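Student: Below is one structure. I have some questions about it.
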Number of protein chains: 2
Amino acid sequence: MKYSLEYIKEYLNILKPDEIKNLLLEISLQDLIENWNTLTPEESIHIFKSLNLEMKVELINSLTYKEQEMILSELNVENIKQLLNEMEPDDIVDFIQSVSHEVRKSVWENLSEEAKKETLFLLKFDEDDAAGLMTPRYIAIKPSITVAQALKFVRKGAEEIETVYYFYVLDQLKRLIGVVSLRDILAAKDEQIISGIMETDVISVHEDTDQEEVAKTLETYSLLAVPVVDKNNVLLGIVTFDDVIEVIHEEQTEDVYKMVAMGGDPLPYLESSVFDLVKRRIPWLTVLLIVGTITTNVLHHYEDIIIGAAFLFMFMPVITQTGGNAGSQSTTLIIRGLATEELYFKDIWKVLKKELMVGFIMGLGTGLVVFIRGILLPPGISVYSAFAISLSLCFVVLFSTTIGAIAPLVIHKTGHDPTVMSGPLMATVIDVFGLTIYFELAKFMLNI
Amino acid sequence: MKYSLEYIKEYLNILKPDEIKNLLLEISLQDLIENWNTLTPEESIHIFKSLNLEMKVELINSLTYKEQEMILSELNVENIKQLLNEMEPDDIVDFIQSVSHEVRKSVWENLSEEAKKETLFLLKFDEDDAAGLMTPRYIAIKPSITVAQALKFVRKGAEEIETVYYFYVLDQLKRLIGVVSLRDILAAKDEQIISGIMETDVISVHEDTDQEEVAKTLETYSLLAVPVVDKNNVLLGIVTFDDVIEVIHEEQTEDVYKMVAMGGDPLPYLESSVFDLVKRRIPWLTVLLIVGTITTNVLHHYEDIIIGAAFLFMFMPVITQTGGNAGSQSTTLIIRGLATEELYFKDIWKVLKKELMVGFIMGLGTGLVVFIRGILLPPGISVYSAFAISLSLCFVVLFSTTIGAIAPLVIHKTGHDPTVMSGPLMATVIDVFGLTIYFELAKFMLNI
């Protein structure tokens, strides 16, 4: 059994420093990270100072920038130095780019000469590119050494290097000419020469490859790390799998944002100001509002009908909402299919055929529901009116389902990201066409 | 430069088998996977047979089950045996569970005795649990051996084992008592005893731990693999990082499905029948439809107003749509915050304060837009009417923004998943309340 942070918190002011340190040795990192923000500033600093160095480093890498800053500002120079010494260069760079000017200054002053050099090197690159994710600490060897020499080399330096699982083979100009996995080294005989066992068909990415592409490369080849090279194939650094998992989560958040008409990088909610939030949300909201007012003109056109058939007005939101829902289901299925590369534009006829069928069945189903509801529950409308409404809904669902599936395929084909139109924009388009279908059909059936 | 699949395809019937084999040595796996479904069945079998064994295995693991089946059914016994021999046990299990009865039979008959045993063992477990993801091939050592012995052991077996990067230390009852990373082994001296350098505080998961939790554990501790134990702490297998990346993508798809009111596992679009798709989509669509008809009753209540003020009717869809959009933005921000554990229920007051401010500003902004649009563009309404509508919109946006942020916090607090209500359900709720606010305020201002 482990102690929980909640338990330790209660005894924080009762126990002696050494006793707290011992309790904290028994706590899980996951508990610490998950419940860190239940601590008061005083408690968090007290607990942080009592952790062992390894836990300190792992914790600080998982905290938000504000929390990092708060802790850093309370530590003395010696402690900061110790901490920075244990952090990976790519984490230091992320950190330095995010903290306030004062903390940045004190961090910089406490970096070792080597870390300063590494940090300056990494700061050159865009943080959304391959180079922005990489660490410059990797194992580089010459092609002419033996397996035994390579093993000896890694055994001396194993502590220092983030990823010991690949040996990158460089020529005299530091160009990447091969790679050997630690597994291959272990499986080889001591006296074998690296150039004889290395893989020369190296999977690598360019310094300006987009981070999403880097993630895909690592996944496709199930690699633990991908080397990053410049245009001359000179090795700059490596991106490791844990950074890639972070990228996958980031891209996921961005996709979900786009589905609800927000753009840009993931927004840390509590740390964003009201202004940040409004700035992110209002542009699309306004665009959709303006596009959406086309419905005003559509309805203006049918104004007279309403006087004679008020029930059409009462069922209007249900029709547009159901159409919108059916459409966004289609859109989402197709967008996920495109994202996972299961679907391509060439499948458009298969998709069309399938969605016409699905739309037809769902149209009948929802039409039946609204028919029964229309005649049974208040306000209660005539059977023929209910039939007109349910037939309209049937057509609206068929239309929405089909257009919701085809539109993303076409948008994707033109090279644009179909996600932006997945949710709200689709709903607006469906509103406009759905209402037209609804009123035209009703006019026809009810002879108005 | 690499050859592309597109290029090779064109020469498929011109070149000799050996020439094709040589060309295919120069193709990238990524190209092959991405463009595989541009091939006709004949082409894909022709190309598959010409690949080298390593590529065959990597490709087959990346194909959909239908594509796998198609290829398997065309291979001879010898080729199937060879392929299965190279596949990892967990991949074989996934495969066997998905193919048709005939293919399953021929696969089973061609498995080695050892693979049959492993497969039967893995088939016992639920595929969404830790045990359903694991491979039984890991390195197990005794605590009493030396570093040199451990290294010798791994060097003999390195080719066979999926993950050579952790050594799991077991007692006589196969219970997991420690772990040593290959890095630690390399950094240690030859004569050191494993029990002296192993980490005894082993991060592990239980056989029935949910796959999402397994992913989180691996991420938190930046592990390459997590050991899976039973209730007696006996080691059953390990889950590796590439399986975890797949889980992350799967969970991502499921979350997006929930946002558009669909449940369940990711659906491979092209392989799903019309019936599969309808079954997945119609239940929620119907529920939302039925809940949505509450708006019918709301509008029934305001039926008389419409006769006197038809412009209220014309602006109705814009009001509900904008309210729905603002609400789903809030909901999404909060749900992402909860998912990334940046936000907790205890932050509810901070969230409320922030969203009230954001909602107020966005309400003013959108209100202003609709005001200008109302008086300037057709159909053209009076300034006072436009003012009434814009004030209503302002209140609706304020309401939606706030309720959209608070609802997921409360739902999450009760232990339910807030994602299901994020998109469509929220939109329906906002429709009902939004329309009430809209008409009540209009009634009040316009004295109807």
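Going through the structure tokens in order, the chains are called A, B, and so on, while each chain numbers its residues from 1 and the ligands are numbered from 1 in the order shown.
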Name the residues of region 209-355 of chain A that come out as helix (DSSP H, G or I) in a backbone DSSP run; write them as an MDAnalysis selection string.

Tutor: chainID A and resid 211:220 241:259 274:292 294:301 303:308 310:339 345:355

Student: Leu5 (chain B): which residues within 9 Å, counting only C-alpha atoms, same-chain residues fewer than 2 positions away excluded, as a PyMOL selection string?

Tutor: chain B and resi 3+7-10+24+27-28+31-32+35-36

Student: With N, CA and C atoms retained, export the selected residues as an mmCIF file, in the first residue's frame.

Tutor:
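That gives us result_8.cif:
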data_model
loop_
_atom_site.group_PDB
_atom_site.id
_atom_site.type_symbol
_atom_site.label_atom_id
_atom_site.label_comp_id
_atom_site.auth_asym_id
_atom_site.auth_seq_id
_atom_site.Cartn_x
_atom_site.Cartn_y
_atom_site.Cartn_z
ATOM 1 N N TYR B 3 11.195 4.624 -54.470
ATOM 2 C CA TYR B 3 10.137 4.409 -55.462
ATOM 3 C C TYR B 3 8.799 4.561 -54.772
ATOM 4 N N TYR B 7 4.134 4.319 -58.813
ATOM 5 C CA TYR B 7 5.075 4.057 -59.882
ATOM 6 C C TYR B 7 5.209 2.542 -60.130
ATOM 7 N N ILE B 8 5.353 1.815 -59.021
ATOM 8 C CA ILE B 8 5.533 0.369 -59.135
ATOM 9 C C ILE B 8 4.302 -0.285 -59.755
ATOM 10 N N LYS B 9 3.134 0.228 -59.347
ATOM 11 C CA LYS B 9 1.866 -0.302 -59.849
ATOM 12 C C LYS B 9 1.828 -0.320 -61.382
ATOM 13 N N GLU B 10 2.346 0.762 -61.959
ATOM 14 C CA GLU B 10 2.289 0.885 -63.415
ATOM 15 C C GLU B 10 3.142 -0.150 -64.128
ATOM 16 N N LEU B 24 10.545 -3.149 -54.825
ATOM 17 C CA LEU B 24 9.807 -3.068 -53.560
ATOM 18 C C LEU B 24 10.726 -2.935 -52.350
ATOM 19 N N ILE B 27 10.810 0.744 -51.423
ATOM 20 C CA ILE B 27 9.580 1.488 -51.131
ATOM 21 C C ILE B 27 9.461 1.691 -49.622
ATOM 22 N N SER B 28 8.811 2.789 -49.219
ATOM 23 C CA SER B 28 8.676 3.011 -47.776
ATOM 24 C C SER B 28 7.389 2.374 -47.271
ATOM 25 N N ASP B 31 4.317 4.683 -47.342
ATOM 26 C CA ASP B 31 3.722 4.783 -48.670
ATOM 27 C C ASP B 31 2.830 3.569 -48.922
ATOM 28 N N LEU B 32 3.368 2.422 -48.605
ATOM 29 C CA LEU B 32 2.655 1.162 -48.828
ATOM 30 C C LEU B 32 1.339 1.132 -48.055
ATOM 31 N N ASN B 35 -1.266 3.922 -49.304
ATOM 32 C CA ASN B 35 -1.848 3.763 -50.631
ATOM 33 C C ASN B 35 -2.296 2.346 -50.946
ATOM 34 N N TRP B 36 -2.291 1.498 -49.911
ATOM 35 C CA TRP B 36 -2.632 0.097 -50.122
ATOM 36 C C TRP B 36 -4.018 -0.066 -50.738
#

Student: Go ahead and compute the interatomic distance for CA of Leu376 (chain A) and CA of Met445 (chain A), in Å to one decimal.

Tutor: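 These two atoms are separated by 21.1 Å.
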
Student: So, with only C-alpha atoms as the atoms that count, which of B:Val169, B:Tyr65, B:Ser50, B:Leu223 lies closest to Glu271 (chain B)?

Tutor: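 Using only C-alpha atoms, the shortest distance to Glu271 (chain B) belongs to B:Tyr65.
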
Student: Report as a PDB file with C-alpha atoms, in the first residue's frame all protein, DNA and RNA residues lying within 10 Å of Val432 (chain A), evaluated on only C-alpha atoms, omitting residues in the same chain fewer than 6 positions from it.

Tutor:
ATOM      1  CA  VAL A 291     -23.944  32.909 -42.007  1.00  0.00           C
ATOM      2  CA  GLY A 292     -26.795  31.677 -39.822  1.00  0.00           C
ATOM      3  CA  THR A 293     -28.898  34.758 -40.449  1.00  0.00           C
ATOM      4  CA  ILE A 294     -29.524  33.407 -43.934  1.00  0.00           C
ATOM      5  CA  THR A 295     -32.183  31.383 -42.122  1.00  0.00           C
ATOM      6  CA  THR A 296     -33.835  34.710 -41.313  1.00  0.00           C
ATOM      7  CA  ASN A 297     -34.276  35.342 -45.012  1.00  0.00           C
ATOM      8  CA  VAL A 298     -35.487  31.806 -45.617  1.00  0.00           C
ATOM      9  CA  LEU A 299     -38.108  32.216 -42.913  1.00  0.00           C
ATOM     10  CA  THR A 320     -33.453  21.511 -37.753  1.00  0.00           C
TER      11      THR A 320
ATOM     12  CA  PRO B 317     -33.011  29.760 -35.580  1.00  0.00           C
TER      13      PRO B 317
END

Student: So which residues touch region 108-121 of chain A within 10 Å, counting only C-alpha atoms, skipping near sequence neighbours fewer than 5 positions away, as a PyMOL selection string?

Tutor: chain A and resi 77-85+87-94+96+102-103+135-137+236

Student: I'd like to know which of A:Thr402, A:Thr240, A:Ser181, A:Thr332 is closest to chain B, using only C-alpha atoms.

Tutor: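 Among A:Thr402, A:Thr240, A:Ser181, A:Thr332, it is A:Thr332 that comes nearest to chain B.
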
Student: Record the distance separating CA of Asp243 (chain A) and CA of Thr163 (chain B), expressed in Å with one decimal.

Tutor: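 Going from CA of Asp243 (chain A) over to CA of Thr163 (chain B) covers 19.6 Å.
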
Student: What does the structure give for the distance between CA of Val383 (chain A) and CA of Ala310 (chain A), in Å to one decimal?

Tutor: 15.2 Å

Student: So, with only C-alpha atoms as the atoms that count, which of B:Val370, B:Val57, B:Leu425, B:Val154 lies closest to Leu289 (chain B)?

Tutor: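 Under the stated criterion, the closest residue is B:Leu425.
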
Student: Measuring atom to atom with only C-alpha atoms, identify which of B:Gly308, B:Gly263, B:Pro227, B:Gly323 is nearest to Leu288 (chain A).

Tutor: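 Closest candidate: B:Gly323.
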
Student: Which residues are close to Leu446 (chain A), i.e. within 8 Å by only C-alpha atoms, leaving aside same-chain residues fewer than 3 positions away? Reply as a compact mmCIF listing (two decimals) with C-alpha atoms, in the first residue's frame.

Tutor:
# COMPACT_ATOMS: atom_id res chain seq x y z
CA SER A 385 -50.44 17.51 -40.47
CA ALA A 388 -46.64 16.18 -43.50
CA ALA A 442 -45.43 21.47 -46.26
CA LYS A 443 -46.66 24.08 -48.74

Student: Between B:Leu173, B:Met198, B:Ile248, B:Val351, which is the closest to Leu270 (chain A) once you count only C-alpha atoms?

Tutor: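 Looking only at the distances to Leu270 (chain A), the closest residue turns out to be B:Val351.
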